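Reviewing the structure listed below.
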Number of protein chains: 2
Amino acid sequence: MGDIHEGHASLIRMAVAGSHAAAVSIFVNPTQFSGGEDFESYPRSRDEDLAVCEALGVSVAFVPTSEIMYPEPVNLFVDEDRFSNALCGPFRPGHFRGVLTVVAKLFNVVSPDSAYFGQKDAQQARLVKHMISALNYSIELHIGPTVREHDGLAISSRNRYLSPEERRRAVCLHDALNLAQELYRDGENAPGVITSRMRRQINEGGPPVTIEYIEAVDADTFDPVAAVKPQTLIALAVRVGNTRLIDNVMIE
Amino acid sequence: MGDIHEGHASLIRMAVAGSHAAAVSIFVNPTQFSGGEDFESYPRSRDEDLAVCEALGVSVAFVPTSEIMYPEPVNLFVDEDRFSNALCGPFRPGHFRGVLTVVAKLFNVVSPDSAYFGQKDAQQARLVKHMISALNYSIELHIGPTVREHDGLAISSRNRYLSPEERRRAVCLHDALNLAQELYRDGENAPGVITSRMRRQINEGGPPVTIEYIEAVDADTFDPVAAVKPQTLIALAVRVGNTRLIDNVMIE
């Protein structure tokens with residue numbers, strides 16, 4: 001989606017290092033924004049993005065317009081009915097079908113051997129993995145680790161929506177995930193106990209923070225787990241002011 | 001779907017003549033059968049099909065099992081919300097999403113430069129054309145003309161379900177399409193008049209025939225036309241006994 005930040009850059013470095021030619025798509029995809037979301041205000045920085053691509057050794061930047069990607073009204077989608085119902089799904093109607101459809105289009109345009117996605121969008125990555133398998137794409141999927149600011153906030157284009165005060169509060173997602181890992185290391189494995197403690201810690205910080213969800217799911221099936229264990233994904237979405245932030249950690 | 005007949009063979013000949021290597025998929029796709037349809041009884045003739053492919057100069061026959069095509073529960077589909085709502089759509093819930101999904105899978109497995117479909121399944125061909133465009137497949141679509149028996153019945157695997165008496169009655173689809181063309185040549189262009197006359201002629205033949213639909217639509221948009229003209233598609237579905245038959249003609 002462009003606005004290339006250090007999270008994207010880490011994926012681009014993986015792609016450049018791992019292939020003969022790396023292609024980057026830069027496209028703020030309208031069909032993955034739900035009604036009322038930030039499509040219009042989403043950061044766009046084409047020239048800076050292209051300079052970063054060049055500096056990182058990218059061979060191809062694919063920077064289509066909406067008219068090129070969607071010359072006609074969009075009435076054909078890749079629709080998924082399992083992983084897309086979990087976590088962010090209920091809060092972002094149509095989001096994942098928009099993501100899968102544009103990724104299928106990009107796969108067909110670019111015909112990559114490998115594709116690189118970030119673990120920060122864990123549900124998106126799981127869905128792309130599922131689509132590759134379900135639609136028989138011959139593409140190897142690589143998931144890059146979440147890149148964080150010095151205080152632990154996961155890097156995201158949407159961080160720039162935050163006021164200075166909101167930016168300070170935004171670290172609550174990372175702090176809550178740290179708490180979950182500490183609790184687990186100390187022997188706690190009841191998902192309800194862990195997520196309640198996370199919830200309480202976030203709420204103790206006061207406004208302007210609203211929790212959308214905090215869940216412990218199996219990293220492969222995305223089903224809620226009965227007990228937290230290795231390969232459990234703890235994921236949360238929190239609104240800080242008007243900005244929706246997500247983060248997750250995999251229990252090791 | 002296998003059970004290769006002269007309609008399929010004509011497409012295979014086009015593919016062999018038009019390419020360096022022709023691939024044929026033979027797969028009775030369960031996800032495109034609606035509940036209560038003939039998935040179990042659909043004709044299967046793998047060995048004869050492979051012999052025909054070899055005789056016609058096919059380079060690759062892809063003959064997967066259902067377990068290979070669908071190793072997991074199917075919850076990801078290519079879903080279309082325009083052309084699939086017309087004609088056969090309401091009578092075969094889930095059919096076209098099953099078709100589009102398996103065709104996307106076959107496209108991704110085979111990576112063809114060209115694909116060959118028959119005009120007899122005009123709605124399917126239109127949907128595949130739409131998917132190629134909407135998902136940015138680099139595939140040239142070729143539509144082969146409908147191949148007919150000596151009396152005009154469009155060749156179909158389902159014709160073999162017909163009893164001798166039903167087989168004689170089954171020509172009513174072709175006769176009705178001929179009537180439509182005659183009426184048009186004689187100056188009639190009101191869709192309601194033409195389809196009523198077709199309907200009456202079919203019903204005058206008596207049982208065991210039930211009309212599902214007779215429609216005049218634009219061959220590109222699949223919207224009903226206000227006046228029949230060149231590039232109008234006249235299409236119908238008729239049950240002869242328990243066998244559902246379809247046919248169509250493009251007005252020239």
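The way I read the labels, and the way they are meant: chains A, B, ... in the order of the structure tokens, residue 1 as the first residue of every chain, and ligand 1 as the first ligand shown, with later ones counted on from there.
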
Distance filter 6 Å, only C-alpha atoms, chain B against chain A, as a count of residues only: 12

Produce the least-squares-superposed copy of chain A, fitted on chain B over all in-order C-alpha pairs, as a PDB file with C-alpha atoms, in the first residue's frame.
ATOM      1  CA  MET A   1     -15.433 -32.606 -16.873  1.00  0.00           C
ATOM      2  CA  GLY A   2     -14.424 -35.555 -19.044  1.00  0.00           C
ATOM      3  CA  ASP A   3     -16.805 -37.864 -20.900  1.00  0.00           C
ATOM      4  CA  ILE A   4     -15.226 -36.294 -23.963  1.00  0.00           C
ATOM      5  CA  HIS A   5     -17.739 -35.892 -26.781  1.00  0.00           C
ATOM      6  CA  GLU A   6     -17.631 -34.192 -30.159  1.00  0.00           C
ATOM      7  CA  GLY A   7     -18.160 -30.774 -28.553  1.00  0.00           C
ATOM      8  CA  HIS A   8     -15.080 -31.204 -26.370  1.00  0.00           C
ATOM      9  CA  ALA A   9     -13.171 -32.758 -29.276  1.00  0.00           C
ATOM     10  CA  SER A  10     -13.770 -29.678 -31.410  1.00  0.00           C
ATOM     11  CA  LEU A  11     -12.260 -27.510 -28.639  1.00  0.00           C
ATOM     12  CA  ILE A  12      -9.310 -29.867 -28.274  1.00  0.00           C
ATOM     13  CA  ARG A  13      -8.673 -29.671 -32.026  1.00  0.00           C
ATOM     14  CA  MET A  14      -8.660 -25.864 -31.782  1.00  0.00           C
ATOM     15  CA  ALA A  15      -6.188 -26.025 -28.893  1.00  0.00           C
ATOM     16  CA  VAL A  16      -3.892 -28.522 -30.600  1.00  0.00           C
ATOM     17  CA  ALA A  17      -3.923 -26.505 -33.827  1.00  0.00           C
ATOM     18  CA  GLY A  18      -3.409 -23.199 -32.031  1.00  0.00           C
ATOM     19  CA  SER A  19      -0.605 -23.954 -29.594  1.00  0.00           C
ATOM     20  CA  HIS A  20       2.738 -25.646 -29.091  1.00  0.00           C
ATOM     21  CA  ALA A  21       1.323 -27.963 -26.473  1.00  0.00           C
ATOM     22  CA  ALA A  22      -2.316 -28.576 -25.601  1.00  0.00           C
ATOM     23  CA  ALA A  23      -3.336 -29.540 -22.068  1.00  0.00           C
ATOM     24  CA  VAL A  24      -6.725 -31.044 -21.234  1.00  0.00           C
ATOM     25  CA  SER A  25      -8.151 -31.178 -17.734  1.00  0.00           C
ATOM     26  CA  ILE A  26     -10.470 -34.065 -16.938  1.00  0.00           C
ATOM     27  CA  PHE A  27     -12.164 -33.557 -13.603  1.00  0.00           C
ATOM     28  CA  VAL A  28     -15.776 -33.895 -12.530  1.00  0.00           C
ATOM     29  CA  ASN A  29     -15.730 -30.936 -10.191  1.00  0.00           C
ATOM     30  CA  PRO A  30     -17.920 -31.554  -7.145  1.00  0.00           C
ATOM     31  CA  THR A  31     -18.151 -27.904  -6.091  1.00  0.00           C
ATOM     32  CA  GLN A  32     -20.068 -26.866  -9.201  1.00  0.00           C
ATOM     33  CA  PHE A  33     -22.950 -29.257  -8.586  1.00  0.00           C
ATOM     34  CA  SER A  34     -25.822 -27.858  -6.560  1.00  0.00           C
ATOM     35  CA  GLY A  35     -27.596 -29.984  -3.970  1.00  0.00           C
ATOM     36  CA  GLY A  36     -29.785 -32.589  -5.652  1.00  0.00           C
ATOM     37  CA  GLU A  37     -27.871 -32.429  -8.914  1.00  0.00           C
ATOM     38  CA  ASP A  38     -26.170 -35.301 -10.725  1.00  0.00           C
ATOM     39  CA  PHE A  39     -22.620 -35.292  -9.327  1.00  0.00           C
ATOM     40  CA  GLU A  40     -22.739 -38.996  -8.425  1.00  0.00           C
ATOM     41  CA  SER A  41     -24.276 -40.128 -11.713  1.00  0.00           C
ATOM     42  CA  TYR A  42     -22.365 -37.764 -14.013  1.00  0.00           C
ATOM     43  CA  PRO A  43     -20.722 -39.859 -16.776  1.00  0.00           C
ATOM     44  CA  ARG A  44     -17.083 -40.766 -16.127  1.00  0.00           C
ATOM     45  CA  SER A  45     -14.969 -42.449 -18.807  1.00  0.00           C
ATOM     46  CA  ARG A  46     -11.349 -41.823 -17.957  1.00  0.00           C
ATOM     47  CA  ASP A  47      -9.722 -44.445 -20.157  1.00  0.00           C
ATOM     48  CA  GLU A  48     -11.737 -43.562 -23.254  1.00  0.00           C
ATOM     49  CA  ASP A  49     -11.083 -39.866 -22.582  1.00  0.00           C
ATOM     50  CA  LEU A  50      -7.334 -40.413 -22.403  1.00  0.00           C
ATOM     51  CA  ALA A  51      -7.405 -42.409 -25.647  1.00  0.00           C
ATOM     52  CA  VAL A  52      -9.257 -39.553 -27.367  1.00  0.00           C
ATOM     53  CA  CYS A  53      -6.757 -37.017 -26.004  1.00  0.00           C
ATOM     54  CA  GLU A  54      -3.872 -39.060 -27.308  1.00  0.00           C
ATOM     55  CA  ALA A  55      -5.489 -39.533 -30.716  1.00  0.00           C
ATOM     56  CA  LEU A  56      -6.106 -35.792 -30.991  1.00  0.00           C
ATOM     57  CA  GLY A  57      -2.486 -34.896 -30.180  1.00  0.00           C
ATOM     58  CA  VAL A  58      -2.942 -33.570 -26.663  1.00  0.00           C
ATOM     59  CA  SER A  59       0.395 -33.111 -24.862  1.00  0.00           C
ATOM     60  CA  VAL A  60      -0.819 -33.109 -21.272  1.00  0.00           C
ATOM     61  CA  ALA A  61      -3.901 -34.594 -19.667  1.00  0.00           C
ATOM     62  CA  PHE A  62      -4.406 -33.353 -16.110  1.00  0.00           C
ATOM     63  CA  VAL A  63      -6.655 -35.873 -14.361  1.00  0.00           C
ATOM     64  CA  PRO A  64      -6.670 -35.077 -10.662  1.00  0.00           C
ATOM     65  CA  THR A  65      -8.736 -36.734  -7.967  1.00  0.00           C
ATOM     66  CA  SER A  66     -11.036 -34.705  -5.736  1.00  0.00           C
ATOM     67  CA  GLU A  67      -8.533 -35.243  -2.914  1.00  0.00           C
ATOM     68  CA  ILE A  68      -5.795 -33.608  -4.980  1.00  0.00           C
ATOM     69  CA  MET A  69      -7.956 -30.672  -6.014  1.00  0.00           C
ATOM     70  CA  TYR A  70      -9.590 -30.235  -2.604  1.00  0.00           C
ATOM     71  CA  PRO A  71      -7.326 -31.661   0.107  1.00  0.00           C
ATOM     72  CA  GLU A  72      -9.114 -29.517   2.694  1.00  0.00           C
ATOM     73  CA  PRO A  73     -12.697 -28.368   3.263  1.00  0.00           C
ATOM     74  CA  VAL A  74     -13.465 -25.774   0.605  1.00  0.00           C
ATOM     75  CA  ASN A  75     -14.063 -22.337   2.100  1.00  0.00           C
ATOM     76  CA  LEU A  76     -12.403 -20.073  -0.448  1.00  0.00           C
ATOM     77  CA  PHE A  77     -14.203 -19.255  -3.675  1.00  0.00           C
ATOM     78  CA  VAL A  78     -14.031 -16.927  -6.619  1.00  0.00           C
ATOM     79  CA  ASP A  79     -17.426 -15.315  -6.274  1.00  0.00           C
ATOM     80  CA  GLU A  80     -19.077 -13.202  -8.942  1.00  0.00           C
ATOM     81  CA  ASP A  81     -22.113 -11.054  -8.442  1.00  0.00           C
ATOM     82  CA  ARG A  82     -23.291  -9.946 -11.857  1.00  0.00           C
ATOM     83  CA  PHE A  83     -23.247 -12.368 -14.797  1.00  0.00           C
ATOM     84  CA  SER A  84     -23.733 -15.286 -12.435  1.00  0.00           C
ATOM     85  CA  ASN A  85     -27.100 -13.906 -11.332  1.00  0.00           C
ATOM     86  CA  ALA A  86     -28.623 -14.175 -14.825  1.00  0.00           C
ATOM     87  CA  LEU A  87     -30.036 -17.162 -16.754  1.00  0.00           C
ATOM     88  CA  CYS A  88     -28.957 -20.414 -15.056  1.00  0.00           C
ATOM     89  CA  GLY A  89     -27.735 -18.662 -11.891  1.00  0.00           C
ATOM     90  CA  PRO A  90     -30.961 -18.704  -9.852  1.00  0.00           C
ATOM     91  CA  PHE A  91     -31.608 -22.337 -10.812  1.00  0.00           C
ATOM     92  CA  ARG A  92     -28.165 -23.621  -9.864  1.00  0.00           C
ATOM     93  CA  PRO A  93     -27.137 -21.977  -6.589  1.00  0.00           C
ATOM     94  CA  GLY A  94     -23.355 -22.092  -6.133  1.00  0.00           C
ATOM     95  CA  HIS A  95     -22.764 -23.506  -9.608  1.00  0.00           C
ATOM     96  CA  PHE A  96     -20.860 -20.620 -11.128  1.00  0.00           C
ATOM     97  CA  ARG A  97     -18.749 -19.930  -8.079  1.00  0.00           C
ATOM     98  CA  GLY A  98     -17.759 -23.600  -8.215  1.00  0.00           C
ATOM     99  CA  VAL A  99     -16.918 -23.237 -11.901  1.00  0.00           C
ATOM    100  CA  LEU A 100     -14.902 -20.033 -11.499  1.00  0.00           C
ATOM    101  CA  THR A 101     -12.999 -21.395  -8.527  1.00  0.00           C
ATOM    102  CA  VAL A 102     -11.986 -24.619 -10.236  1.00  0.00           C
ATOM    103  CA  VAL A 103     -11.073 -22.753 -13.429  1.00  0.00           C
ATOM    104  CA  ALA A 104      -8.877 -20.363 -11.404  1.00  0.00           C
ATOM    105  CA  LYS A 105      -7.200 -23.402  -9.821  1.00  0.00           C
ATOM    106  CA  LEU A 106      -6.682 -25.046 -13.210  1.00  0.00           C
ATOM    107  CA  PHE A 107      -5.321 -21.786 -14.646  1.00  0.00           C
ATOM    108  CA  ASN A 108      -2.820 -21.591 -11.787  1.00  0.00           C
ATOM    109  CA  VAL A 109      -1.799 -25.226 -12.140  1.00  0.00           C
ATOM    110  CA  VAL A 110      -1.425 -25.218 -15.923  1.00  0.00           C
ATOM    111  CA  SER A 111      -0.478 -21.555 -16.598  1.00  0.00           C
ATOM    112  CA  PRO A 112      -1.938 -21.660 -20.089  1.00  0.00           C
ATOM    113  CA  ASP A 113      -1.441 -18.930 -22.702  1.00  0.00           C
ATOM    114  CA  SER A 114      -4.853 -19.702 -24.173  1.00  0.00           C
ATOM    115  CA  ALA A 115      -7.977 -21.404 -22.889  1.00  0.00           C
ATOM    116  CA  TYR A 116     -10.812 -22.986 -24.878  1.00  0.00           C
ATOM    117  CA  PHE A 117     -14.446 -23.071 -23.811  1.00  0.00           C
ATOM    118  CA  GLY A 118     -17.649 -23.890 -25.674  1.00  0.00           C
ATOM    119  CA  GLN A 119     -20.384 -21.462 -26.705  1.00  0.00           C
ATOM    120  CA  LYS A 120     -23.015 -23.990 -25.615  1.00  0.00           C
ATOM    121  CA  ASP A 121     -22.219 -22.937 -22.039  1.00  0.00           C
ATOM    122  CA  ALA A 122     -22.434 -19.271 -23.002  1.00  0.00           C
ATOM    123  CA  GLN A 123     -22.857 -18.001 -19.461  1.00  0.00           C
ATOM    124  CA  GLN A 124     -19.873 -19.999 -18.234  1.00  0.00           C
ATOM    125  CA  ALA A 125     -17.779 -18.656 -21.105  1.00  0.00           C
ATOM    126  CA  ARG A 126     -18.836 -15.071 -20.298  1.00  0.00           C
ATOM    127  CA  LEU A 127     -17.958 -15.585 -16.646  1.00  0.00           C
ATOM    128  CA  VAL A 128     -14.542 -17.041 -17.453  1.00  0.00           C
ATOM    129  CA  LYS A 129     -13.892 -14.066 -19.752  1.00  0.00           C
ATOM    130  CA  HIS A 130     -14.879 -11.779 -16.888  1.00  0.00           C
ATOM    131  CA  MET A 131     -12.638 -13.591 -14.392  1.00  0.00           C
ATOM    132  CA  ILE A 132      -9.661 -13.414 -16.745  1.00  0.00           C
ATOM    133  CA  SER A 133     -10.141  -9.661 -16.933  1.00  0.00           C
ATOM    134  CA  ALA A 134     -11.065  -9.043 -13.276  1.00  0.00           C
ATOM    135  CA  LEU A 135      -8.209 -11.135 -11.859  1.00  0.00           C
ATOM    136  CA  ASN A 136      -5.680 -10.042 -14.517  1.00  0.00           C
ATOM    137  CA  TYR A 137      -4.931 -13.470 -15.932  1.00  0.00           C
ATOM    138  CA  SER A 138      -2.739 -13.242 -19.054  1.00  0.00           C
ATOM    139  CA  ILE A 139      -4.805 -15.820 -20.897  1.00  0.00           C
ATOM    140  CA  GLU A 140      -6.417 -15.548 -24.305  1.00  0.00           C
ATOM    141  CA  LEU A 141      -9.913 -16.992 -24.270  1.00  0.00           C
ATOM    142  CA  HIS A 142     -11.229 -18.856 -27.324  1.00  0.00           C
ATOM    143  CA  ILE A 143     -14.902 -19.768 -27.594  1.00  0.00           C
ATOM    144  CA  GLY A 144     -15.704 -22.701 -29.864  1.00  0.00           C
ATOM    145  CA  PRO A 145     -19.084 -23.036 -31.615  1.00  0.00           C
ATOM    146  CA  THR A 146     -21.757 -25.389 -30.325  1.00  0.00           C
ATOM    147  CA  VAL A 147     -21.543 -28.836 -31.928  1.00  0.00           C
ATOM    148  CA  ARG A 148     -24.889 -30.486 -32.665  1.00  0.00           C
ATOM    149  CA  GLU A 149     -26.381 -33.890 -33.425  1.00  0.00           C
ATOM    150  CA  HIS A 150     -27.895 -34.456 -36.888  1.00  0.00           C
ATOM    151  CA  ASP A 151     -31.313 -33.208 -35.693  1.00  0.00           C
ATOM    152  CA  GLY A 152     -29.844 -30.099 -34.068  1.00  0.00           C
ATOM    153  CA  LEU A 153     -29.676 -31.173 -30.414  1.00  0.00           C
ATOM    154  CA  ALA A 154     -26.612 -29.565 -28.839  1.00  0.00           C
ATOM    155  CA  ILE A 155     -24.145 -32.264 -27.832  1.00  0.00           C
ATOM    156  CA  SER A 156     -23.881 -32.647 -24.064  1.00  0.00           C
ATOM    157  CA  SER A 157     -22.782 -35.347 -21.661  1.00  0.00           C
ATOM    158  CA  ARG A 158     -26.206 -35.142 -20.100  1.00  0.00           C
ATOM    159  CA  ASN A 159     -27.911 -36.213 -23.368  1.00  0.00           C
ATOM    160  CA  ARG A 160     -27.139 -39.788 -22.421  1.00  0.00           C
ATOM    161  CA  TYR A 161     -29.550 -39.517 -19.489  1.00  0.00           C
ATOM    162  CA  LEU A 162     -32.429 -39.241 -22.008  1.00  0.00           C
ATOM    163  CA  SER A 163     -34.754 -42.157 -22.766  1.00  0.00           C
ATOM    164  CA  PRO A 164     -35.438 -42.713 -26.501  1.00  0.00           C
ATOM    165  CA  GLU A 165     -38.726 -40.812 -26.195  1.00  0.00           C
ATOM    166  CA  GLU A 166     -37.048 -37.973 -24.264  1.00  0.00           C
ATOM    167  CA  ARG A 167     -34.252 -37.878 -26.821  1.00  0.00           C
ATOM    168  CA  ARG A 168     -36.828 -37.263 -29.579  1.00  0.00           C
ATOM    169  CA  ARG A 169     -38.437 -34.480 -27.546  1.00  0.00           C
ATOM    170  CA  ALA A 170     -35.062 -32.909 -26.648  1.00  0.00           C
ATOM    171  CA  VAL A 171     -34.768 -31.333 -30.074  1.00  0.00           C
ATOM    172  CA  CYS A 172     -37.405 -28.837 -28.907  1.00  0.00           C
ATOM    173  CA  LEU A 173     -34.660 -26.535 -27.581  1.00  0.00           C
ATOM    174  CA  HIS A 174     -33.007 -26.265 -30.971  1.00  0.00           C
ATOM    175  CA  ASP A 175     -36.364 -25.982 -32.751  1.00  0.00           C
ATOM    176  CA  ALA A 176     -37.339 -23.109 -30.469  1.00  0.00           C
ATOM    177  CA  LEU A 177     -34.063 -21.291 -31.177  1.00  0.00           C
ATOM    178  CA  ASN A 178     -34.666 -21.796 -34.901  1.00  0.00           C
ATOM    179  CA  LEU A 179     -38.123 -20.306 -34.476  1.00  0.00           C
ATOM    180  CA  ALA A 180     -36.600 -17.275 -32.729  1.00  0.00           C
ATOM    181  CA  GLN A 181     -34.204 -16.723 -35.616  1.00  0.00           C
ATOM    182  CA  GLU A 182     -37.014 -17.084 -38.175  1.00  0.00           C
ATOM    183  CA  LEU A 183     -39.192 -14.606 -36.310  1.00  0.00           C
ATOM    184  CA  TYR A 184     -36.310 -12.149 -36.135  1.00  0.00           C
ATOM    185  CA  ARG A 185     -35.572 -12.562 -39.856  1.00  0.00           C
ATOM    186  CA  ASP A 186     -39.271 -11.928 -40.524  1.00  0.00           C
ATOM    187  CA  GLY A 187     -39.042  -8.602 -38.701  1.00  0.00           C
ATOM    188  CA  GLU A 188     -40.084  -9.446 -35.139  1.00  0.00           C
ATOM    189  CA  ASN A 189     -37.776  -7.955 -32.519  1.00  0.00           C
ATOM    190  CA  ALA A 190     -39.876  -7.779 -29.370  1.00  0.00           C
ATOM    191  CA  PRO A 191     -38.213 -10.142 -26.860  1.00  0.00           C
ATOM    192  CA  GLY A 192     -41.532 -10.881 -25.138  1.00  0.00           C
ATOM    193  CA  VAL A 193     -43.190 -11.897 -28.420  1.00  0.00           C
ATOM    194  CA  ILE A 194     -40.292 -14.089 -29.488  1.00  0.00           C
ATOM    195  CA  THR A 195     -39.876 -15.879 -26.160  1.00  0.00           C
ATOM    196  CA  SER A 196     -43.664 -16.381 -25.830  1.00  0.00           C
ATOM    197  CA  ARG A 197     -43.769 -18.015 -29.246  1.00  0.00           C
ATOM    198  CA  MET A 198     -40.807 -20.239 -28.300  1.00  0.00           C
ATOM    199  CA  ARG A 199     -42.512 -21.149 -25.043  1.00  0.00           C
ATOM    200  CA  ARG A 200     -45.766 -21.997 -26.788  1.00  0.00           C
ATOM    201  CA  GLN A 201     -44.040 -24.171 -29.391  1.00  0.00           C
ATOM    202  CA  ILE A 202     -42.171 -26.115 -26.715  1.00  0.00           C
ATOM    203  CA  ASN A 203     -45.279 -26.613 -24.590  1.00  0.00           C
ATOM    204  CA  GLU A 204     -47.323 -27.737 -27.615  1.00  0.00           C
ATOM    205  CA  GLY A 205     -45.036 -30.755 -27.831  1.00  0.00           C
ATOM    206  CA  GLY A 206     -46.457 -31.905 -24.509  1.00  0.00           C
ATOM    207  CA  PRO A 207     -44.753 -33.650 -21.585  1.00  0.00           C
ATOM    208  CA  PRO A 208     -42.237 -34.645 -20.285  1.00  0.00           C
ATOM    209  CA  VAL A 209     -40.889 -31.149 -20.917  1.00  0.00           C
ATOM    210  CA  THR A 210     -40.682 -28.252 -18.415  1.00  0.00           C
ATOM    211  CA  ILE A 211     -39.257 -24.873 -19.330  1.00  0.00           C
ATOM    212  CA  GLU A 212     -36.919 -23.364 -16.732  1.00  0.00           C
ATOM    213  CA  TYR A 213     -36.278 -20.099 -18.559  1.00  0.00           C
ATOM    214  CA  ILE A 214     -36.211 -18.559 -22.014  1.00  0.00           C
ATOM    215  CA  GLU A 215     -34.477 -15.194 -22.169  1.00  0.00           C
ATOM    216  CA  ALA A 216     -33.095 -12.667 -24.628  1.00  0.00           C
ATOM    217  CA  VAL A 217     -30.054 -10.898 -23.207  1.00  0.00           C
ATOM    218  CA  ASP A 218     -27.199  -8.793 -24.467  1.00  0.00           C
ATOM    219  CA  ALA A 219     -24.336 -11.188 -25.209  1.00  0.00           C
ATOM    220  CA  ASP A 220     -21.823  -8.935 -23.493  1.00  0.00           C
ATOM    221  CA  THR A 221     -23.693  -7.479 -20.513  1.00  0.00           C
ATOM    222  CA  PHE A 222     -26.182 -10.344 -20.020  1.00  0.00           C
ATOM    223  CA  ASP A 223     -28.821  -7.710 -19.293  1.00  0.00           C
ATOM    224  CA  PRO A 224     -32.289  -8.371 -20.775  1.00  0.00           C
ATOM    225  CA  VAL A 225     -32.658  -6.521 -24.076  1.00  0.00           C
ATOM    226  CA  ALA A 226     -35.496  -4.144 -24.957  1.00  0.00           C
ATOM    227  CA  ALA A 227     -35.282  -5.211 -28.603  1.00  0.00           C
ATOM    228  CA  VAL A 228     -33.692  -8.265 -30.190  1.00  0.00           C
ATOM    229  CA  LYS A 229     -30.800  -7.299 -32.482  1.00  0.00           C
ATOM    230  CA  PRO A 230     -27.407  -8.597 -33.567  1.00  0.00           C
ATOM    231  CA  GLN A 231     -25.356  -9.681 -30.503  1.00  0.00           C
ATOM    232  CA  THR A 232     -28.514 -10.614 -28.640  1.00  0.00           C
ATOM    233  CA  LEU A 233     -28.167 -14.010 -27.028  1.00  0.00           C
ATOM    234  CA  ILE A 234     -31.319 -16.064 -26.841  1.00  0.00           C
ATOM    235  CA  ALA A 235     -30.845 -18.744 -24.214  1.00  0.00           C
ATOM    236  CA  LEU A 236     -33.038 -21.350 -22.632  1.00  0.00           C
ATOM    237  CA  ALA A 237     -33.000 -24.156 -20.096  1.00  0.00           C
ATOM    238  CA  VAL A 238     -35.519 -26.956 -20.347  1.00  0.00           C
ATOM    239  CA  ARG A 239     -36.041 -30.092 -18.303  1.00  0.00           C
ATOM    240  CA  VAL A 240     -36.792 -33.110 -20.468  1.00  0.00           C
ATOM    241  CA  GLY A 241     -37.896 -35.724 -17.983  1.00  0.00           C
ATOM    242  CA  ASN A 242     -35.346 -35.411 -15.210  1.00  0.00           C
ATOM    243  CA  THR A 243     -32.629 -34.124 -17.497  1.00  0.00           C
ATOM    244  CA  ARG A 244     -31.786 -30.451 -17.541  1.00  0.00           C
ATOM    245  CA  LEU A 245     -30.687 -29.226 -20.973  1.00  0.00           C
ATOM    246  CA  ILE A 246     -29.486 -25.779 -22.069  1.00  0.00           C
ATOM    247  CA  ASP A 247     -28.919 -24.211 -25.447  1.00  0.00           C
ATOM    248  CA  ASN A 248     -28.541 -20.761 -26.960  1.00  0.00           C
ATOM    249  CA  VAL A 249     -28.149 -18.876 -30.192  1.00  0.00           C
ATOM    250  CA  MET A 250     -26.559 -15.547 -30.968  1.00  0.00           C
ATOM    251  CA  ILE A 251     -28.637 -13.363 -33.255  1.00  0.00           C
ATOM    252  CA  GLU A 252     -26.647 -12.434 -36.370  1.00  0.00           C
TER     253      GLU A 252
END

Those in range 98-248 of chain A with alpha helix (DSSP H) from DSSP, as a ChimeraX atom specification: /A:98-110,122-134,164-169,172-185,191-204

Strand (DSSP E) residues, from DSSP on the backbone, in range 64-241 of chain A, as number ranges by chain: A: 76-80, 114-118, 140-144, 209-218, 232-240
